[in-house]
Amino acid sequence: MSRLASALGLALILTVTAPAPAQIASIAVRSYDALLADLEYLAPLVHQDNALKQLKTALGKGPEGLDRGKPFGLYVLWPEKIDRIEDLEFPVVYFAPVSHEKRFLEMLPKFGVKVGKEEGGLRTITLPDREEMKLRLANGHAYAADEGKWLQGKLPAPSTFLIPETQKSVVAGALVGRVAGVVVGK
């Protein structure tokens, strides 16, 4: 009987403790190169040749330090607090694969992004529209979010939650629900 009571007690403790923020949705682009190749195909079909030329001129060889062959995108976390449905704010974490951290950080100002000094593993970045975000480099990726608390602790490697369609399609998305710890959709 004590073994059963211990197991039930442990199960109760595990269900009462606050869970780590769960990814509830993700959207990913197969890779920078795949996106560019599809844009090159689509631009003439929608009469946007000039727009594509301007984009290619602005990007040059592409962002330095970015791994051009791996997926990038975003994932959405479950809200930290749910009081009123109309006040729900779903935290979004953006991710991009990085092949060379130093070159990646040096490239950002070329796109108008100011990069602050690292403090506690995070950097503050200021986007061209003056919006500030937090940036963390981990798992061979750059992660960015509006608040640093979404980038604390162990960050998921995107390969652990991206759906297989990410490798087949240029853009793929997933909506994931969890009921009692069981993944219901992915």
# chains A, B, ... in the order shown; residues from 1 in each chain; ligands from 1
call {"tool": "closest_atom_pairs", "arguments": {"of": "region 91-146 of chain A", "to": "region 56-71 of chain A", "cutoff": "9 Å", "atoms": "only C-alpha atoms", "output": "tab-separated table"}}
result
residue	atom	partner	partner_atom	distance
A:Phe95	CA	A:Pro71	CA	8.7
A:Ala96	CA	A:Pro71	CA	7.1
A:Pro97	CA	A:Asp67	CA	5.3
A:Val98	CA	A:Leu66	CA	4.5
A:Ser99	CA	A:Asp67	CA	4.8
A:His100	CA	A:Gly65	CA	4.5
A:Glu101	CA	A:Gly65	CA	6.2
A:Lys102	CA	A:Gly65	CA	7.3
A:Arg103	CA	A:Gly65	CA	4.8
A:Phe104	CA	A:Gly65	CA	4.1
A:Leu105	CA	A:Gly65	CA	7.8
A:Glu106	CA	A:Glu64	CA	8.2
A:Met107	CA	A:Glu64	CA	5.9
A:Leu108	CA	A:Pro63	CA	8.3
A:His141	CA	A:Leu66	CA	8.8
call {"tool": "select_by_dssp", "arguments": {"residues": "region 16-164 of chain A", "states": "strand (DSSP E or B)", "output": "JSON, numbers by chain"}}
result
{"A": [23, 24, 25, 26, 27, 28, 29, 66, 72, 73, 74, 75, 76, 77, 92, 93, 94, 95, 96, 97, 98, 114, 115, 119, 122, 123, 124, 125, 126, 132, 133, 134, 135, 136, 137, 138, 141, 142, 143, 144, 145]}
call {"tool": "closest_atom_pairs", "arguments": {"of": "region 9-97 of chain A", "to": "region 150-159 of chain A", "cutoff": "12 Å", "atoms": "only C-alpha atoms", "output": "CSV"}}
result
residue,atom,partner,partner_atom,distance
A:Ala20,CA,A:Gly153,CA,9.7
A:Pro21,CA,A:Trp150,CA,8.2
A:Ala22,CA,A:Pro156,CA,10.1
A:Gln23,CA,A:Pro156,CA,9.4
A:Ser26,CA,A:Pro158,CA,9.5
A:Ile27,CA,A:Pro158,CA,10.6
A:Ala28,CA,A:Pro158,CA,9.2
A:Val29,CA,A:Pro158,CA,11.6
A:Arg30,CA,A:Ser159,CA,11.5
A:Lys70,CA,A:Ser159,CA,9.7
A:Pro71,CA,A:Pro158,CA,8.2
A:Phe72,CA,A:Pro158,CA,8.4
A:Gly73,CA,A:Pro158,CA,9.1
A:Leu74,CA,A:Pro158,CA,9.2
A:Tyr75,CA,A:Pro158,CA,9.0
A:Val76,CA,A:Trp150,CA,10.4
A:Leu77,CA,A:Trp150,CA,8.6
A:Trp78,CA,A:Trp150,CA,10.8
A:Pro79,CA,A:Trp150,CA,10.6
A:Glu80,CA,A:Trp150,CA,9.9
A:Phe90,CA,A:Trp150,CA,11.0
A:Pro91,CA,A:Trp150,CA,7.5
A:Val92,CA,A:Trp150,CA,8.4
A:Val93,CA,A:Trp150,CA,7.4
A:Tyr94,CA,A:Leu151,CA,10.3
A:Phe95,CA,A:Pro158,CA,7.9
A:Ala96,CA,A:Pro158,CA,9.2
A:Pro97,CA,A:Pro158,CA,9.1
call {"tool": "atom_distance", "arguments": {"atom1": "CA of Lys149 (chain A)", "atom2": "CA of Asp87 (chain A)"}}
result
19.1 Å
call {"tool": "atom_distance", "arguments": {"atom1": "CA of Lys110 (chain A)", "atom2": "CA of Gly140 (chain A)"}}
result
21.3 Å
call {"tool": "residues_around", "arguments": {"residues": "Gly121 (chain A)", "least_positions_apart": "2", "cutoff": "12 Å", "atoms": "only C-alpha atoms", "output": "JSON list (two decimals) with C-alpha atoms, in the first residue's frame"}}
result
[["chain", "number", "residue", "atom", "x", "y", "z"],
["A", 116, "GLY", "CA", 23.56, 45.21, -27.28],
["A", 117, "LYS", "CA", 26.14, 43.55, -25.06],
["A", 118, "GLU", "CA", 25.47, 40.09, -23.71],
["A", 119, "GLU", "CA", 24.07, 40.02, -20.17],
["A", 123, "ARG", "CA", 21.35, 40.44, -25.77],
["A", 124, "THR", "CA", 18.95, 43.29, -26.37],
["A", 134, "LYS", "CA", 15.82, 39.84, -26.55],
["A", 135, "LEU", "CA", 18.20, 37.55, -28.46],
["A", 136, "ARG", "CA", 19.83, 34.33, -27.33],
["A", 137, "LEU", "CA", 22.21, 32.08, -29.21],
["A", 138, "ALA", "CA", 21.81, 28.38, -28.37],
["A", 142, "ALA", "CA", 19.43, 32.51, -32.77],
["A", 143, "TYR", "CA", 16.21, 32.83, -30.77],
["A", 148, "GLY", "CA", 13.84, 37.53, -22.09],
["A", 149, "LYS", "CA", 11.85, 35.20, -19.83],
["A", 151, "LEU", "CA", 14.41, 32.53, -23.73],
["A", 152, "GLN", "CA", 15.50, 31.31, -20.29],
["A", 153, "GLY", "CA", 16.46, 27.74, -19.43],
["A", 154, "LYS", "CA", 16.81, 24.97, -21.95]]
call {"tool": "atom_distance", "arguments": {"atom1": "CA of Leu88 (chain A)", "atom2": "CA of Ala174 (chain A)"}}
result
20.0 Å
call {"tool": "closest_residue", "arguments": {"among": "A:Ile85, A:Leu35, A:Leu42, A:Leu175", "to": "Leu162 (chain A)", "atoms": "only C-alpha atoms"}}
result
A:Leu175
call {"tool": "closest_residue", "arguments": {"among": "A:Pro109, A:Glu89, A:Lys81, A:Thr160", "to": "Asp146 (chain A)", "atoms": "only C-alpha atoms"}}
result
A:Glu89
call {"tool": "select_by_dssp", "arguments": {"residues": "region 50-142 of chain A", "states": "helix (DSSP H, G or I)", "output": "ChimeraX atom specification"}}
result
/A:50-59,85-87,101-111
